[in-house]
Amino acid sequence: MTIKNLTTQRAARNGAVQRILNKFKNPPNRDVGEGIKTATEAMTSKGLEKPTFSEVGNCFVVTIKHEKLATAELAIMEFLETNGTINNKQAREITYIDQDWKVKFIFRKMEQKKMIIQLKKRTTSNTKYRKRTPADDLPSDLFSSESVPQP
């Protein structure tokens with residue numbers, strides 16, 4: 001196998017591993033040559049970087065990094081760039097975080113860092129957040145009717 005024909009050719013790269021996998025009741029790989037596709041899809045579904053492949057001499061090397069594609073904060077900020085607002089469910093989908101309390105914790109940290117602001121003070125699942133703007137840091141009395149000079 002080479003890097004060029006990695007996705008087009010079908011061959012058992014490691015016969016011993018293939019034989020062991022075939023002994024499972026529901027083997028993760030049903031056919032020879034599905035391992036790389038299965039591993040890549042599994043890592044992508046968990047929000048991890050895809051494996052990289054290289055040839056070193058006559059060896060085929062697969063590098064699997066247990067690193068997220070982006071931090072949760074970065075993924076949320078990128079989402080806000082195109083969508084304007086985000087809620088807990090949407091954040092869990094884009095960050096691959098299963099627990100809502102973990103996302104709430106991330107939202108709180110981001111609020112403390114003045115990255116985002118909660119739209120309405122609610123404790124329901126409908127709570128939404130948006131990017132913080134410089135106007136959010138202005139004193140609220142600047143916008144009250146009392147502070148506007150009368151002619």
# chains A, B, ... in the order shown; residues from 1 in each chain; ligands from 1
$ residues_around --residues "Arg130 (chain A)" --least-positions-apart "2" --cutoff "8 Å" --atoms "only C-alpha atoms" --output "MDAnalysis selection string"
chainID A and resid 80 84:86 116:119 128 132
$ write_last_selection --atoms "N, CA and C atoms" --output "compact mmCIF listing (two decimals), in the first residue's frame"
# COMPACT_ATOMS: atom_id res chain seq x y z
N LEU A 80 -20.70 31.65 16.17
CA LEU A 80 -21.35 32.96 16.35
C LEU A 80 -21.05 33.92 15.20
N GLY A 84 -24.84 34.32 14.64
CA GLY A 84 -25.32 35.40 15.51
C GLY A 84 -25.58 34.99 16.95
N THR A 85 -26.33 33.89 17.15
CA THR A 85 -26.60 33.42 18.51
C THR A 85 -26.35 31.92 18.59
N ILE A 86 -26.23 31.43 19.82
CA ILE A 86 -26.02 30.01 20.05
C ILE A 86 -26.69 29.61 21.36
N ILE A 116 -18.63 36.50 25.31
CA ILE A 116 -20.04 36.37 24.92
C ILE A 116 -20.91 37.02 25.99
N ILE A 117 -22.18 37.20 25.65
CA ILE A 117 -23.14 37.75 26.59
C ILE A 117 -24.45 37.00 26.42
N GLN A 118 -25.12 36.75 27.54
CA GLN A 118 -26.39 36.05 27.51
C GLN A 118 -27.47 37.02 27.06
N LEU A 119 -28.34 36.58 26.14
CA LEU A 119 -29.38 37.47 25.61
C LEU A 119 -30.45 37.79 26.64
N LYS A 128 -29.96 31.85 25.15
CA LYS A 128 -29.08 32.04 24.01
C LYS A 128 -27.99 33.03 24.36
N ARG A 132 -19.99 39.33 22.44
CA ARG A 132 -19.97 40.59 23.18
C ARG A 132 -19.43 41.69 22.26
$ residues_around --residues "region 100-102 of chain A" --least-positions-apart "4" --cutoff "10 Å" --atoms "only C-alpha atoms" --output "number ranges by chain"
A: 88-89, 91-92, 106-108, 125
$ write_last_selection --atoms "C-alpha atoms" --output "short mmCIF file (atom, residue, chain, number, x, y, z; two decimals), in the first residue's frame"
data_model
loop_
_atom_site.label_atom_id
_atom_site.label_comp_id
_atom_site.auth_asym_id
_atom_site.auth_seq_id
_atom_site.Cartn_x
_atom_site.Cartn_y
_atom_site.Cartn_z
CA ASN A 88 -26.57 24.92 24.71
CA LYS A 89 -27.84 22.28 22.29
CA ALA A 91 -22.88 24.23 21.28
CA ARG A 92 -22.98 20.52 22.22
CA ILE A 106 -17.81 26.86 29.15
CA PHE A 107 -20.44 29.57 28.59
CA ARG A 108 -19.83 30.95 32.11
CA SER A 125 -32.95 25.44 27.69
#
$ select_by_dssp --residues "region 51-147 of chain A" --states "alpha helix (DSSP H)" --output "ChimeraX atom specification"
/A:72-83,88-95,100-112
$ write_last_selection --atoms "N, CA and C atoms" --output "compact mmCIF listing (two decimals), in the first residue's frame"
# COMPACT_ATOMS: atom_id res chain seq x y z
N ALA A 72 -13.41 24.24 22.43
CA ALA A 72 -14.84 24.52 22.48
C ALA A 72 -15.10 26.02 22.33
N GLU A 73 -14.27 26.83 22.99
CA GLU A 73 -14.44 28.28 22.88
C GLU A 73 -14.29 28.76 21.44
N LEU A 74 -13.28 28.25 20.76
CA LEU A 74 -13.05 28.65 19.38
C LEU A 74 -14.20 28.20 18.48
N ALA A 75 -14.68 26.97 18.68
CA ALA A 75 -15.80 26.47 17.88
C ALA A 75 -17.05 27.33 18.10
N ILE A 76 -17.29 27.72 19.35
CA ILE A 76 -18.46 28.56 19.65
C ILE A 76 -18.32 29.93 19.00
N MET A 77 -17.15 30.53 19.10
CA MET A 77 -16.94 31.86 18.51
C MET A 77 -17.07 31.81 16.98
N GLU A 78 -16.57 30.75 16.36
CA GLU A 78 -16.71 30.61 14.90
C GLU A 78 -18.18 30.44 14.52
N PHE A 79 -18.92 29.69 15.33
CA PHE A 79 -20.35 29.50 15.08
C PHE A 79 -21.08 30.85 15.17
N LEU A 80 -20.70 31.65 16.17
CA LEU A 80 -21.35 32.96 16.35
C LEU A 80 -21.05 33.92 15.20
N GLU A 81 -19.91 33.76 14.56
CA GLU A 81 -19.57 34.62 13.42
C GLU A 81 -20.60 34.50 12.30
N THR A 82 -21.09 33.28 12.09
CA THR A 82 -22.02 33.07 10.97
C THR A 82 -23.49 33.00 11.41
N ASN A 83 -23.75 32.68 12.67
CA ASN A 83 -25.13 32.48 13.10
C ASN A 83 -25.68 33.54 14.04
N ASN A 88 -27.32 26.05 24.17
CA ASN A 88 -26.57 24.92 24.71
C ASN A 88 -26.59 23.72 23.76
N LYS A 89 -27.73 23.43 23.19
CA LYS A 89 -27.84 22.28 22.29
C LYS A 89 -26.95 22.44 21.07
N GLN A 90 -26.96 23.62 20.48
CA GLN A 90 -26.12 23.88 19.31
C GLN A 90 -24.64 23.77 19.68
N ALA A 91 -24.27 24.30 20.84
CA ALA A 91 -22.88 24.23 21.28
C ALA A 91 -22.44 22.78 21.48
N ARG A 92 -23.32 21.95 22.03
CA ARG A 92 -22.98 20.52 22.22
C ARG A 92 -22.76 19.84 20.88
N GLU A 93 -23.55 20.20 19.89
CA GLU A 93 -23.41 19.60 18.57
C GLU A 93 -22.09 19.96 17.90
N ILE A 94 -21.68 21.21 18.00
CA ILE A 94 -20.46 21.64 17.29
C ILE A 94 -19.19 21.33 18.05
N THR A 95 -19.31 21.13 19.39
CA THR A 95 -18.12 20.84 20.19
C THR A 95 -17.98 19.36 20.52
N ASP A 100 -24.77 18.75 29.06
CA ASP A 100 -25.13 20.16 28.99
C ASP A 100 -24.44 20.98 30.07
N TRP A 101 -24.17 20.39 31.22
CA TRP A 101 -23.52 21.15 32.30
C TRP A 101 -22.10 21.55 31.93
N LYS A 102 -21.44 20.76 31.10
CA LYS A 102 -20.09 21.12 30.66
C LYS A 102 -20.14 22.35 29.76
N VAL A 103 -21.14 22.40 28.90
CA VAL A 103 -21.29 23.55 28.01
C VAL A 103 -21.67 24.79 28.83
N LYS A 104 -22.53 24.62 29.84
CA LYS A 104 -22.88 25.76 30.70
C LYS A 104 -21.62 26.32 31.36
N PHE A 105 -20.76 25.43 31.81
CA PHE A 105 -19.50 25.85 32.43
C PHE A 105 -18.64 26.64 31.44
N ILE A 106 -18.58 26.17 30.20
CA ILE A 106 -17.81 26.86 29.15
C ILE A 106 -18.43 28.23 28.88
N PHE A 107 -19.76 28.29 28.79
CA PHE A 107 -20.44 29.57 28.59
C PHE A 107 -20.10 30.55 29.72
N ARG A 108 -20.14 30.08 30.98
CA ARG A 108 -19.83 30.95 32.11
C ARG A 108 -18.40 31.48 32.02
N LYS A 109 -17.47 30.60 31.67
CA LYS A 109 -16.08 31.03 31.51
C LYS A 109 -15.95 32.08 30.42
N MET A 110 -16.66 31.87 29.32
CA MET A 110 -16.60 32.80 28.20
C MET A 110 -17.24 34.15 28.58
N GLU A 111 -18.29 34.10 29.40
CA GLU A 111 -18.90 35.35 29.88
C GLU A 111 -17.92 36.10 30.78
N GLN A 112 -17.23 35.38 31.65
CA GLN A 112 -16.25 36.01 32.55
C GLN A 112 -15.10 36.63 31.76
$ closest_residue --among "A:Thr127, A:Gln99, A:Thr63, A:Asn22" --to "Ile36 (chain A)" --atoms "only C-alpha atoms"
A:Thr63
$ closest_residue --among "A:Lys65, A:Thr133, A:Pro51, A:Phe24" --to "Thr38 (chain A)" --atoms "only C-alpha atoms"
A:Pro51
$ atom_distance --atom1 "CA of Tyr96 (chain A)" --atom2 "CA of Lys37 (chain A)"
19.9 Å
$ closest_residue --among "A:Thr124, A:Glu55, A:Asp137, A:Ala39" --to "Lys4 (chain A)" --atoms "only C-alpha atoms"
A:Glu55
$ closest_residue --among "A:Leu138, A:Ile20, A:Ile97, A:Ile3" --to "Asn58 (chain A)" --atoms "only C-alpha atoms"
A:Ile3
$ atom_distance --atom1 "CA of Asp98 (chain A)" --atom2 "CA of Lys113 (chain A)"
23.4 Å
